[in-house]
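Text of model_12.cif, listed as mmCIF, C-alpha atoms, pLDDT in the B column; chains and numbers go by the auth columns:
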data_structure
loop_
_atom_site.group_PDB
_atom_site.id
_atom_site.type_symbol
_atom_site.label_atom_id
_atom_site.label_comp_id
_atom_site.label_asym_id
_atom_site.label_seq_id
_atom_site.Cartn_x
_atom_site.Cartn_y
_atom_site.Cartn_z
_atom_site.B_iso_or_equiv
_atom_site.auth_seq_id
_atom_site.auth_asym_id
ATOM 1 C CA MET A 1 15.741 51.701 34.715 58.00 1 A
ATOM 2 C CA PRO A 2 15.313 55.403 35.386 76.00 2 A
ATOM 3 C CA PRO A 3 14.833 57.422 37.502 88.00 3 A
ATOM 4 C CA PHE A 4 18.443 57.652 38.508 95.00 4 A
ATOM 5 C CA ARG A 5 19.735 58.992 41.817 95.00 5 A
ATOM 6 C CA LEU A 6 22.040 61.264 39.853 97.00 6 A
ATOM 7 C CA HIS A 7 21.952 61.945 36.140 98.00 7 A
ATOM 8 C CA ILE A 8 25.223 63.297 34.748 98.00 8 A
ATOM 9 C CA PHE A 9 24.965 65.130 31.433 98.00 9 A
ATOM 10 C CA THR A 10 28.139 65.947 29.519 98.00 10 A
ATOM 11 C CA CYS A 11 27.833 68.203 26.495 97.00 11 A
ATOM 12 C CA THR A 12 29.248 66.371 23.488 97.00 12 A
ATOM 13 C CA ASN A 13 28.089 68.919 20.936 96.00 13 A
ATOM 14 C CA ARG A 14 30.512 69.352 18.046 96.00 14 A
ATOM 15 C CA ARG A 15 30.518 72.435 15.851 95.00 15 A
ATOM 16 C CA PRO A 16 32.332 72.676 12.525 93.00 16 A
ATOM 17 C CA GLU A 17 36.029 73.428 12.848 90.00 17 A
ATOM 18 C CA GLY A 18 36.683 77.156 12.875 90.00 18 A
ATOM 19 C CA ASP A 19 33.288 78.051 14.360 91.00 19 A
ATOM 20 C CA PRO A 20 34.052 81.031 16.630 89.00 20 A
ATOM 21 C CA LYS A 21 31.948 79.567 19.434 88.00 21 A
ATOM 22 C CA GLY A 22 34.013 76.404 19.533 91.00 22 A
ATOM 23 C CA SER A 23 32.294 73.395 21.065 94.00 23 A
ATOM 24 C CA CYS A 24 32.631 71.006 23.962 95.00 24 A
ATOM 25 C CA ALA A 25 33.506 68.073 21.681 96.00 25 A
ATOM 26 C CA GLU A 26 36.353 70.067 20.156 94.00 26 A
ATOM 27 C CA LYS A 27 37.673 70.500 23.713 94.00 27 A
ATOM 28 C CA GLY A 28 37.621 66.800 24.531 96.00 28 A
ATOM 29 C CA SER A 29 34.164 66.242 25.995 97.00 29 A
ATOM 30 C CA GLU A 30 33.638 62.892 24.288 98.00 30 A
ATOM 31 C CA ALA A 31 36.519 61.460 26.297 98.00 31 A
ATOM 32 C CA VAL A 32 35.088 63.041 29.459 98.00 32 A
ATOM 33 C CA HIS A 33 31.717 61.381 28.838 98.00 33 A
ATOM 34 C CA ALA A 34 33.389 58.058 28.010 98.00 34 A
ATOM 35 C CA ARG A 35 35.348 58.199 31.269 98.00 35 A
ATOM 36 C CA PHE A 36 32.173 58.911 33.285 98.00 36 A
ATOM 37 C CA LYS A 37 30.448 55.978 31.619 98.00 37 A
ATOM 38 C CA GLU A 38 33.341 53.586 32.116 98.00 38 A
ATOM 39 C CA ARG A 39 33.911 54.534 35.764 98.00 39 A
ATOM 40 C CA VAL A 40 30.216 54.478 36.694 98.00 40 A
ATOM 41 C CA ALA A 41 30.116 50.894 35.435 98.00 41 A
ATOM 42 C CA ALA A 42 33.391 49.954 37.108 98.00 42 A
ATOM 43 C CA LEU A 43 32.177 51.358 40.428 98.00 43 A
ATOM 44 C CA GLY A 44 29.026 49.241 40.235 97.00 44 A
ATOM 45 C CA LEU A 45 26.820 52.336 40.030 97.00 45 A
ATOM 46 C CA LYS A 46 24.921 51.470 36.864 95.00 46 A
ATOM 47 C CA GLY A 47 21.196 51.907 37.348 92.00 47 A
ATOM 48 C CA GLU A 48 21.758 54.365 40.185 96.00 48 A
ATOM 49 C CA ILE A 49 23.919 56.872 38.312 97.00 49 A
ATOM 50 C CA ARG A 50 23.562 57.608 34.601 97.00 50 A
ATOM 51 C CA ALA A 51 26.325 59.142 32.513 98.00 51 A
ATOM 52 C CA ASN A 52 24.596 60.750 29.566 98.00 52 A
ATOM 53 C CA GLN A 53 25.593 62.618 26.461 98.00 53 A
ATOM 54 C CA ALA A 54 23.863 65.932 25.871 98.00 54 A
ATOM 55 C CA GLY A 55 23.645 68.463 23.082 97.00 55 A
ATOM 56 C CA CYS A 56 24.680 72.080 23.602 96.00 56 A
ATOM 57 C CA MET A 57 23.705 73.344 27.057 95.00 57 A
ATOM 58 C CA ASP A 58 24.327 76.989 26.257 92.00 58 A
ATOM 59 C CA ALA A 59 27.416 77.298 28.403 90.00 59 A
ATOM 60 C CA CYS A 60 29.883 77.219 25.515 88.00 60 A
ATOM 61 C CA ALA A 61 32.195 79.810 27.044 88.00 61 A
ATOM 62 C CA PHE A 62 33.089 77.535 29.954 92.00 62 A
ATOM 63 C CA GLY A 63 34.913 74.714 28.239 92.00 63 A
ATOM 64 C CA VAL A 64 33.600 71.196 28.631 97.00 64 A
ATOM 65 C CA THR A 65 30.309 71.551 30.487 97.00 65 A
ATOM 66 C CA VAL A 66 28.737 68.971 32.772 97.00 66 A
ATOM 67 C CA VAL A 67 25.526 69.274 34.772 97.00 67 A
ATOM 68 C CA ILE A 68 24.382 66.832 37.423 97.00 68 A
ATOM 69 C CA TYR A 69 20.661 66.563 38.131 97.00 69 A
ATOM 70 C CA PRO A 70 18.415 66.631 40.064 95.00 70 A
ATOM 71 C CA GLU A 71 20.833 68.731 42.106 94.00 71 A
ATOM 72 C CA GLY A 72 21.508 71.107 39.235 95.00 72 A
ATOM 73 C CA VAL A 73 25.222 71.336 39.964 96.00 73 A
ATOM 74 C CA TRP A 74 27.113 72.704 36.955 96.00 74 A
ATOM 75 C CA TYR A 75 30.758 72.137 36.173 97.00 75 A
ATOM 76 C CA GLY A 76 32.910 73.893 33.586 97.00 76 A
ATOM 77 C CA ARG A 77 36.287 73.214 31.945 96.00 77 A
ATOM 78 C CA VAL A 78 36.058 69.561 32.957 98.00 78 A
ATOM 79 C CA ARG A 79 38.980 67.426 31.825 98.00 79 A
ATOM 80 C CA VAL A 80 39.213 63.654 31.667 98.00 80 A
ATOM 81 C CA GLU A 81 41.468 63.713 34.700 98.00 81 A
ATOM 82 C CA ASP A 82 38.733 65.468 36.736 98.00 82 A
ATOM 83 C CA VAL A 83 36.154 62.725 36.251 98.00 83 A
ATOM 84 C CA ASP A 84 37.350 60.383 38.965 98.00 84 A
ATOM 85 C CA GLU A 85 37.366 63.239 41.483 98.00 85 A
ATOM 86 C CA ILE A 86 33.816 64.265 40.551 98.00 86 A
ATOM 87 C CA LEU A 87 32.661 60.686 40.954 98.00 87 A
ATOM 88 C CA GLN A 88 34.430 60.125 44.256 98.00 88 A
ATOM 89 C CA SER A 89 33.828 63.494 45.876 98.00 89 A
ATOM 90 C CA HIS A 90 30.440 64.495 44.511 98.00 90 A
ATOM 91 C CA VAL A 91 28.650 61.336 43.462 98.00 91 A
ATOM 92 C CA ILE A 92 29.901 58.997 46.189 97.00 92 A
ATOM 93 C CA ASP A 93 30.782 61.337 49.072 97.00 93 A
ATOM 94 C CA GLY A 94 28.181 64.028 48.331 97.00 94 A
ATOM 95 C CA ARG A 95 30.694 66.896 48.181 97.00 95 A
ATOM 96 C CA PRO A 96 30.653 68.763 44.851 97.00 96 A
ATOM 97 C CA VAL A 97 34.082 69.667 43.467 98.00 97 A
ATOM 98 C CA GLU A 98 34.104 73.386 44.214 96.00 98 A
ATOM 99 C CA ARG A 99 37.062 74.339 42.030 96.00 99 A
ATOM 100 C CA LEU A 100 35.192 73.238 38.903 97.00 100 A
ATOM 101 C CA ARG A 101 31.742 74.574 39.728 96.00 101 A
ATOM 102 C CA LEU A 102 29.889 77.169 37.716 94.00 102 A
ATOM 103 C CA LYS A 103 27.752 79.054 40.174 84.00 103 A
ATOM 104 C CA GLY A 104 24.803 81.396 40.101 77.00 104 A
ATOM 105 C CA HIS A 105 23.557 82.712 36.779 74.00 105 A
ATOM 106 C CA PHE A 106 26.894 82.473 35.062 73.00 106 A
ATOM 107 C CA GLU A 107 27.038 84.387 31.831 57.00 107 A
ATOM 108 C CA SER A 108 27.466 82.694 28.508 50.00 108 A
ATOM 109 C CA PRO A 109 28.719 85.341 26.071 46.00 109 A
ATOM 110 C CA LYS A 110 27.429 85.022 22.538 44.00 110 A
ATOM 111 C CA LEU A 111 30.959 84.692 21.201 38.00 111 A
ATOM 112 C CA LYS A 112 33.776 82.968 22.933 38.00 112 A
ATOM 113 C CA ARG A 113 36.848 85.140 23.358 36.00 113 A
ATOM 114 C CA ALA A 114 39.726 84.187 21.093 39.00 114 A
ATOM 115 C CA ASP A 115 41.871 81.732 22.972 41.00 115 A
ATOM 116 C CA PRO A 116 45.343 81.445 21.483 40.00 116 A
ATOM 117 C CA GLY A 117 45.879 78.196 23.340 40.00 117 A
ATOM 118 C CA GLU A 118 43.151 76.418 21.409 37.00 118 A
ATOM 119 C CA GLY A 119 44.273 76.959 17.851 33.00 119 A
ATOM 120 C CA MET B 1 22.907 81.433 30.693 59.00 1 B
ATOM 121 C CA PRO B 2 22.287 78.398 32.870 77.00 2 B
ATOM 122 C CA PRO B 3 21.043 77.411 35.361 89.00 3 B
ATOM 123 C CA PHE B 4 17.629 77.058 33.839 95.00 4 B
ATOM 124 C CA ARG B 5 14.366 76.915 35.752 95.00 5 B
ATOM 125 C CA LEU B 6 13.517 73.770 33.829 97.00 6 B
ATOM 126 C CA HIS B 7 15.842 71.752 31.614 98.00 7 B
ATOM 127 C CA ILE B 8 14.047 69.532 29.117 98.00 8 B
ATOM 128 C CA PHE B 9 16.080 66.642 27.725 98.00 9 B
ATOM 129 C CA THR B 10 14.764 64.723 24.737 98.00 10 B
ATOM 130 C CA CYS B 11 16.601 61.560 23.730 97.00 11 B
ATOM 131 C CA THR B 12 17.690 61.912 20.120 97.00 12 B
ATOM 132 C CA ASN B 13 19.820 58.785 20.094 96.00 13 B
ATOM 133 C CA ARG B 14 19.753 56.951 16.763 96.00 14 B
ATOM 134 C CA ARG B 15 20.697 53.296 16.429 95.00 15 B
ATOM 135 C CA PRO B 16 21.392 51.587 13.122 93.00 16 B
ATOM 136 C CA GLU B 17 18.271 50.490 11.280 90.00 17 B
ATOM 137 C CA GLY B 18 17.241 46.983 12.272 90.00 18 B
ATOM 138 C CA ASP B 19 18.743 47.203 15.770 91.00 19 B
ATOM 139 C CA PRO B 20 16.300 45.230 17.949 89.00 20 B
ATOM 140 C CA LYS B 21 16.322 47.918 20.625 88.00 21 B
ATOM 141 C CA GLY B 22 15.138 50.562 18.179 91.00 22 B
ATOM 142 C CA SER B 23 15.889 54.127 19.176 94.00 23 B
ATOM 143 C CA CYS B 24 14.154 57.356 20.031 95.00 24 B
ATOM 144 C CA ALA B 25 15.344 59.065 16.835 95.00 25 B
ATOM 145 C CA GLU B 26 13.869 56.263 14.747 94.00 26 B
ATOM 146 C CA LYS B 27 10.557 57.027 16.483 94.00 27 B
ATOM 147 C CA GLY B 28 10.598 60.709 15.665 96.00 28 B
ATOM 148 C CA SER B 29 12.372 62.267 18.643 97.00 29 B
ATOM 149 C CA GLU B 30 14.341 64.766 16.557 98.00 30 B
ATOM 150 C CA ALA B 31 11.084 66.425 15.550 98.00 31 B
ATOM 151 C CA VAL B 32 9.941 66.373 19.191 98.00 32 B
ATOM 152 C CA HIS B 33 13.127 68.137 20.279 98.00 33 B
ATOM 153 C CA ALA B 34 12.854 70.622 17.411 98.00 34 B
ATOM 154 C CA ARG B 35 9.294 71.450 18.432 98.00 35 B
ATOM 155 C CA PHE B 36 10.321 72.005 22.068 98.00 36 B
ATOM 156 C CA LYS B 37 13.103 74.304 20.934 98.00 37 B
ATOM 157 C CA GLU B 38 10.932 76.265 18.539 98.00 38 B
ATOM 158 C CA ARG B 39 8.044 76.695 21.001 98.00 39 B
ATOM 159 C CA VAL B 40 10.278 77.630 23.941 98.00 40 B
ATOM 160 C CA ALA B 41 11.656 80.452 21.798 98.00 41 B
ATOM 161 C CA ALA B 42 8.230 81.465 20.515 98.00 42 B
ATOM 162 C CA LEU B 43 6.857 81.597 24.060 98.00 43 B
ATOM 163 C CA GLY B 44 9.674 83.908 25.119 97.00 44 B
ATOM 164 C CA LEU B 45 11.051 81.321 27.535 97.00 45 B
ATOM 165 C CA LYS B 46 14.629 81.193 26.271 95.00 46 B
ATOM 166 C CA GLY B 47 17.073 81.511 29.136 92.00 47 B
ATOM 167 C CA GLU B 48 14.501 80.244 31.623 96.00 48 B
ATOM 168 C CA ILE B 49 13.683 76.942 29.937 97.00 49 B
ATOM 169 C CA ARG B 50 16.199 74.935 27.919 97.00 50 B
ATOM 170 C CA ALA B 51 15.219 72.326 25.345 98.00 51 B
ATOM 171 C CA ASN B 52 18.168 70.001 25.053 98.00 52 B
ATOM 172 C CA GLN B 53 19.112 66.983 23.036 98.00 53 B
ATOM 173 C CA ALA B 54 20.334 63.975 24.985 98.00 54 B
ATOM 174 C CA GLY B 55 21.897 60.638 24.181 97.00 55 B
ATOM 175 C CA CYS B 56 20.267 57.365 25.237 96.00 56 B
ATOM 176 C CA MET B 57 18.636 57.669 28.667 95.00 57 B
ATOM 177 C CA ASP B 58 18.145 53.926 29.114 92.00 58 B
ATOM 178 C CA ALA B 59 14.390 54.012 28.708 90.00 59 B
ATOM 179 C CA CYS B 60 14.367 52.642 25.162 88.00 60 B
ATOM 180 C CA ALA B 61 11.276 50.524 25.715 88.00 61 B
ATOM 181 C CA PHE B 62 9.083 53.569 26.259 92.00 62 B
ATOM 182 C CA GLY B 63 9.168 55.249 22.890 92.00 63 B
ATOM 183 C CA VAL B 64 10.429 58.802 22.653 97.00 64 B
ATOM 184 C CA THR B 65 11.710 59.653 26.117 97.00 65 B
ATOM 185 C CA VAL B 66 11.819 63.098 27.692 97.00 66 B
ATOM 186 C CA VAL B 67 12.962 64.032 31.194 97.00 67 B
ATOM 187 C CA ILE B 68 12.493 67.421 32.791 97.00 68 B
ATOM 188 C CA TYR B 69 14.925 68.465 35.525 97.00 69 B
ATOM 189 C CA PRO B 70 15.381 69.436 38.270 95.00 70 B
ATOM 190 C CA GLU B 71 11.951 67.941 38.920 94.00 71 B
ATOM 191 C CA GLY B 72 12.917 64.591 37.456 95.00 72 B
ATOM 192 C CA VAL B 73 9.594 64.127 35.683 96.00 73 B
ATOM 193 C CA TRP B 74 9.863 61.479 32.957 96.00 74 B
ATOM 194 C CA TYR B 75 7.667 61.183 29.894 97.00 75 B
ATOM 195 C CA GLY B 76 7.426 58.294 27.449 97.00 76 B
ATOM 196 C CA ARG B 77 6.009 57.840 23.953 96.00 77 B
ATOM 197 C CA VAL B 78 6.051 61.576 23.402 98.00 78 B
ATOM 198 C CA ARG B 79 4.856 62.701 19.978 98.00 79 B
ATOM 199 C CA VAL B 80 5.315 66.063 18.298 98.00 80 B
ATOM 200 C CA GLU B 81 1.674 66.820 18.937 98.00 81 B
ATOM 201 C CA ASP B 82 2.214 66.372 22.716 98.00 82 B
ATOM 202 C CA VAL B 83 4.864 69.065 22.981 98.00 83 B
ATOM 203 C CA ASP B 84 2.553 72.068 23.176 98.00 84 B
ATOM 204 C CA GLU B 85 0.552 70.389 25.941 98.00 85 B
ATOM 205 C CA ILE B 86 3.690 69.615 27.947 98.00 86 B
ATOM 206 C CA LEU B 87 4.817 73.210 27.606 98.00 87 B
ATOM 207 C CA GLN B 88 1.459 74.716 28.508 98.00 88 B
ATOM 208 C CA SER B 89 0.415 72.314 31.257 98.00 89 B
ATOM 209 C CA HIS B 90 3.716 71.375 32.851 98.00 90 B
ATOM 210 C CA VAL B 91 6.196 74.127 32.090 98.00 91 B
ATOM 211 C CA ILE B 92 3.848 77.111 32.253 97.00 92 B
ATOM 212 C CA ASP B 93 1.015 75.932 34.526 97.00 93 B
ATOM 213 C CA GLY B 94 3.075 73.557 36.688 97.00 94 B
ATOM 214 C CA ARG B 95 0.856 70.521 36.092 97.00 95 B
ATOM 215 C CA PRO B 96 2.739 67.562 34.561 97.00 96 B
ATOM 216 C CA VAL B 97 0.885 65.715 31.793 98.00 97 B
ATOM 217 C CA GLU B 98 -0.140 62.606 33.693 96.00 98 B
ATOM 218 C CA ARG B 99 -1.141 60.461 30.698 96.00 99 B
ATOM 219 C CA LEU B 100 2.423 60.581 29.358 97.00 100 B
ATOM 220 C CA ARG B 101 4.330 60.170 32.616 96.00 101 B
ATOM 221 C CA LEU B 102 6.646 57.295 33.398 94.00 102 B
ATOM 222 C CA LYS B 103 6.441 56.788 37.122 84.00 103 B
ATOM 223 C CA GLY B 104 8.382 55.002 39.825 76.00 104 B
ATOM 224 C CA HIS B 105 11.249 52.749 38.848 73.00 105 B
ATOM 225 C CA PHE B 106 9.818 51.852 35.484 73.00 106 B
ATOM 226 C CA GLU B 107 11.478 48.860 33.931 57.00 107 B
ATOM 227 C CA SER B 108 13.494 49.089 30.765 50.00 108 B
ATOM 228 C CA PRO B 109 13.655 45.587 29.299 46.00 109 B
ATOM 229 C CA LYS B 110 16.894 44.694 27.573 44.00 110 B
ATOM 230 C CA LEU B 111 15.109 44.005 24.311 38.00 111 B
ATOM 231 C CA LYS B 112 12.098 45.851 23.032 37.00 112 B
ATOM 232 C CA ARG B 113 9.194 43.592 22.196 36.00 113 B
ATOM 233 C CA ALA B 114 8.563 43.185 18.493 39.00 114 B
ATOM 234 C CA ASP B 115 6.086 45.831 17.486 40.00 115 B
ATOM 235 C CA PRO B 116 4.363 45.033 14.206 39.00 116 B
ATOM 236 C CA GLY B 117 3.296 48.636 13.914 40.00 117 B
ATOM 237 C CA GLU B 118 6.844 49.891 13.643 37.00 118 B
ATOM 238 C CA GLY B 119 8.126 47.888 10.688 33.00 119 B
#
Starting from the file, give its structure as structure tokens.
Amino acid sequence: MPPFRLHIFTCTNRRPEGDPKGSCAEKGSEAVHARFKERVAALGLKGEIRANQAGCMDACAFGVTVVIYPEGVWYGRVRVEDVDEILQSHVIDGRPVERLRLKGHFESPKLKRADPGEG
Amino acid sequence: MPPFRLHIFTCTNRRPEGDPKGSCAEKGSEAVHARFKERVAALGLKGEIRANQAGCMDACAFGVTVVIYPEGVWYGRVRVEDVDEILQSHVIDGRPVERLRLKGHFESPKLKRADPGEG
């Protein structure tokens, strides 16, 4: 039953392999979303907090992208192992996880730079 | 380049045919999202307004569901022909389209009532 106190959107967009932009799904975002969903339920927060899949949010250059509304706090390069910290620090304690935040009008270049680590 | 002034999420979740819950995609939400995307671009609002796909937002009983953040304004039973009005009235003029709004803690029954009109 919406509205939710916090609505967590994780980009699970998947582009074809070899697309120069890459995509959040290629970088593991489906597991990030699944972890949010599982932990929200386990913490008894269902109904209050919603973990949602989203299509491309135009922040492709920043790894797995998550935005939490209505606050409009954006996170980039989120890994599965960051999810519990986001839930505990931000969602429960009200302190966004600063090291993962994307702030201001962060730029999203048209083409991701080649990243040799993500063959 | 997020953050956006307004971020429009349209549920494009699709459940298997015959699922008693139905789904927004089955009710035409992909065309609704496509219209938002096309009109946002045509109106020169790209970068300021983002039309985004979303997974299930737990409002399945209310037809095609749209939420606009950071305001947290929810719309239900949105049809393609409503999109231009939402963009003009809400997004441009700042007046949400009251006849389509879902207000308060609207209930989302576990099972959608049988709807003979949606064979």
For chain B, which residues have at least one atom within 8 Å of chain A, if we go by all atoms listed in the file? Write them as a ChimeraX atom specification, please. /B:1-3,50,52-59,69-72,74,104-108
Please return the superposed copy of chain A as an mmCIF file with C-alpha atoms, in the coordinates of the input; the fit should be least squares onto chain B across all sequentially paired Cα atoms.
data_model
loop_
_atom_site.group_PDB
_atom_site.id
_atom_site.type_symbol
_atom_site.label_atom_id
_atom_site.label_comp_id
_atom_site.auth_asym_id
_atom_site.auth_seq_id
_atom_site.Cartn_x
_atom_site.Cartn_y
_atom_site.Cartn_z
ATOM 1 C CA MET A 1 22.943 81.460 30.738
ATOM 2 C CA PRO A 2 22.312 78.385 32.855
ATOM 3 C CA PRO A 3 21.048 77.402 35.349
ATOM 4 C CA PHE A 4 17.632 77.062 33.828
ATOM 5 C CA ARG A 5 14.362 76.901 35.751
ATOM 6 C CA LEU A 6 13.525 73.756 33.817
ATOM 7 C CA HIS A 7 15.845 71.745 31.618
ATOM 8 C CA ILE A 8 14.043 69.522 29.113
ATOM 9 C CA PHE A 9 16.074 66.631 27.724
ATOM 10 C CA THR A 10 14.753 64.714 24.726
ATOM 11 C CA CYS A 11 16.576 61.552 23.723
ATOM 12 C CA THR A 12 17.665 61.896 20.105
ATOM 13 C CA ASN A 13 19.796 58.764 20.071
ATOM 14 C CA ARG A 14 19.720 56.937 16.745
ATOM 15 C CA ARG A 15 20.662 53.286 16.416
ATOM 16 C CA PRO A 16 21.352 51.556 13.108
ATOM 17 C CA GLU A 17 18.227 50.469 11.267
ATOM 18 C CA GLY A 18 17.177 46.974 12.273
ATOM 19 C CA ASP A 19 18.691 47.193 15.764
ATOM 20 C CA PRO A 20 16.245 45.213 17.936
ATOM 21 C CA LYS A 21 16.282 47.907 20.614
ATOM 22 C CA GLY A 22 15.102 50.549 18.184
ATOM 23 C CA SER A 23 15.873 54.123 19.177
ATOM 24 C CA CYS A 24 14.126 57.355 20.025
ATOM 25 C CA ALA A 25 15.325 59.057 16.825
ATOM 26 C CA GLU A 26 13.838 56.255 14.740
ATOM 27 C CA LYS A 27 10.520 57.014 16.472
ATOM 28 C CA GLY A 28 10.574 60.717 15.667
ATOM 29 C CA SER A 29 12.357 62.267 18.637
ATOM 30 C CA GLU A 30 14.319 64.764 16.556
ATOM 31 C CA ALA A 31 11.061 66.427 15.551
ATOM 32 C CA VAL A 32 9.922 66.373 19.190
ATOM 33 C CA HIS A 33 13.118 68.133 20.282
ATOM 34 C CA ALA A 34 12.847 70.628 17.413
ATOM 35 C CA ARG A 35 9.274 71.451 18.429
ATOM 36 C CA PHE A 36 10.311 72.007 22.071
ATOM 37 C CA LYS A 37 13.099 74.307 20.935
ATOM 38 C CA GLU A 38 10.927 76.276 18.539
ATOM 39 C CA ARG A 39 8.049 76.704 21.001
ATOM 40 C CA VAL A 40 10.279 77.626 23.950
ATOM 41 C CA ALA A 41 11.667 80.446 21.814
ATOM 42 C CA ALA A 42 8.252 81.476 20.517
ATOM 43 C CA LEU A 43 6.872 81.614 24.059
ATOM 44 C CA GLY A 44 9.696 83.923 25.129
ATOM 45 C CA LEU A 45 11.059 81.323 27.552
ATOM 46 C CA LYS A 46 14.632 81.189 26.288
ATOM 47 C CA GLY A 47 17.097 81.496 29.140
ATOM 48 C CA GLU A 48 14.521 80.237 31.626
ATOM 49 C CA ILE A 49 13.702 76.931 29.933
ATOM 50 C CA ARG A 50 16.217 74.909 27.927
ATOM 51 C CA ALA A 51 15.216 72.328 25.341
ATOM 52 C CA ASN A 52 18.165 69.988 25.048
ATOM 53 C CA GLN A 53 19.104 66.967 23.019
ATOM 54 C CA ALA A 54 20.317 63.955 24.962
ATOM 55 C CA GLY A 55 21.885 60.617 24.166
ATOM 56 C CA CYS A 56 20.249 57.356 25.222
ATOM 57 C CA MET A 57 18.622 57.639 28.651
ATOM 58 C CA ASP A 58 18.132 53.913 29.087
ATOM 59 C CA ALA A 59 14.379 54.004 28.697
ATOM 60 C CA CYS A 60 14.341 52.640 25.152
ATOM 61 C CA ALA A 61 11.242 50.519 25.695
ATOM 62 C CA PHE A 62 9.047 53.573 26.241
ATOM 63 C CA GLY A 63 9.150 55.252 22.865
ATOM 64 C CA VAL A 64 10.406 58.805 22.639
ATOM 65 C CA THR A 65 11.685 59.643 26.113
ATOM 66 C CA VAL A 66 11.805 63.088 27.684
ATOM 67 C CA VAL A 67 12.939 64.017 31.184
ATOM 68 C CA ILE A 68 12.482 67.413 32.784
ATOM 69 C CA TYR A 69 14.903 68.451 35.519
ATOM 70 C CA PRO A 70 15.379 69.433 38.274
ATOM 71 C CA GLU A 71 11.945 67.940 38.913
ATOM 72 C CA GLY A 72 12.907 64.588 37.437
ATOM 73 C CA VAL A 73 9.588 64.130 35.663
ATOM 74 C CA TRP A 74 9.857 61.477 32.945
ATOM 75 C CA TYR A 75 7.660 61.188 29.894
ATOM 76 C CA GLY A 76 7.408 58.302 27.441
ATOM 77 C CA ARG A 77 5.975 57.829 23.937
ATOM 78 C CA VAL A 78 6.033 61.587 23.393
ATOM 79 C CA ARG A 79 4.833 62.703 19.973
ATOM 80 C CA VAL A 80 5.298 66.063 18.301
ATOM 81 C CA GLU A 81 1.654 66.835 18.945
ATOM 82 C CA ASP A 82 2.194 66.382 22.715
ATOM 83 C CA VAL A 83 4.857 69.073 22.989
ATOM 84 C CA ASP A 84 2.566 72.072 23.186
ATOM 85 C CA GLU A 85 0.550 70.405 25.952
ATOM 86 C CA ILE A 86 3.694 69.614 27.957
ATOM 87 C CA LEU A 87 4.831 73.205 27.616
ATOM 88 C CA GLN A 88 1.476 74.714 28.517
ATOM 89 C CA SER A 89 0.425 72.326 31.260
ATOM 90 C CA HIS A 90 3.723 71.372 32.860
ATOM 91 C CA VAL A 91 6.202 74.120 32.097
ATOM 92 C CA ILE A 92 3.860 77.114 32.269
ATOM 93 C CA ASP A 93 1.029 75.934 34.540
ATOM 94 C CA GLY A 94 3.091 73.558 36.699
ATOM 95 C CA ARG A 95 0.862 70.522 36.084
ATOM 96 C CA PRO A 96 2.732 67.563 34.560
ATOM 97 C CA VAL A 97 0.870 65.731 31.791
ATOM 98 C CA GLU A 98 -0.154 62.605 33.681
ATOM 99 C CA ARG A 99 -1.159 60.493 30.688
ATOM 100 C CA LEU A 100 2.401 60.585 29.345
ATOM 101 C CA ARG A 101 4.311 60.159 32.591
ATOM 102 C CA LEU A 102 6.622 57.285 33.380
ATOM 103 C CA LYS A 103 6.421 56.788 37.104
ATOM 104 C CA GLY A 104 8.375 55.032 39.804
ATOM 105 C CA HIS A 105 11.236 52.750 38.842
ATOM 106 C CA PHE A 106 9.818 51.851 35.477
ATOM 107 C CA GLU A 107 11.479 48.861 33.920
ATOM 108 C CA SER A 108 13.499 49.097 30.765
ATOM 109 C CA PRO A 109 13.708 45.579 29.319
ATOM 110 C CA LYS A 110 16.972 44.720 27.627
ATOM 111 C CA LEU A 111 15.180 44.021 24.363
ATOM 112 C CA LYS A 112 12.188 45.856 23.101
ATOM 113 C CA ARG A 113 9.270 43.595 22.259
ATOM 114 C CA ALA A 114 8.651 43.208 18.546
ATOM 115 C CA ASP A 115 6.182 45.862 17.534
ATOM 116 C CA PRO A 116 4.524 45.074 14.220
ATOM 117 C CA GLY A 117 3.408 48.673 13.914
ATOM 118 C CA GLU A 118 6.961 49.957 13.668
ATOM 119 C CA GLY A 119 8.281 47.962 10.755
#
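CA of Ser23 (chain B) to CA of Lys37 (chain B) spans 20.4 Å [interatomic distance, one decimal].
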Close residues, Arg39 (chain B) itself excluded, 8 Å, all atoms listed in the file, min 4 positions apart in chain, as a count of residues only: 3
Among the residues A:Lys27, A:Arg95, A:His90, A:Lys46, the one that comes closest to Val78 (chain A) [using only C-alpha atoms]: A:Lys27
Shortest interatomic distance to Val64 (chain A) - which of A:Glu98, A:Asp93, A:Gly18, A:Glu26, counting all atoms listed in the file: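 Going through A:Glu98, A:Asp93, A:Gly18, A:Glu26 one by one, the smallest distance to Val64 (chain A) is for A:Glu26.
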What does the distance between CA of Ser29 (chain B) and CA of Thr65 (chain B) come to in Å, to one decimal place?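 Calculated distance between CA of Ser29 (chain B) and CA of Thr65 (chain B) is 7.9 Å.
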Translate the PyMOL selection byres ((chain A and resi 100) around 6), as applied to the file shown, into an explicit residue set as a list of chain:residue names. A:Tyr75, A:Gly76, A:Val97, A:Glu98, A:Arg99, A:Arg101
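Note that CA of Glu48 (chain A) and CA of Glu48 (chain B) are 28.2 Å apart.
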Among listed residues A:Gly44, A:Pro20, A:Arg79, A:Phe62, nearest Ile92 (chain A) (using all atoms listed in the file): A:Gly44
Closest of A:Val32, A:Cys24, A:Val80, A:Ala61 to Ile8 (chain A) - atom-to-atom distances counting all atoms listed in the file: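 Residue with the minimum atom-to-atom distance to Ile8 (chain A): A:Val32.
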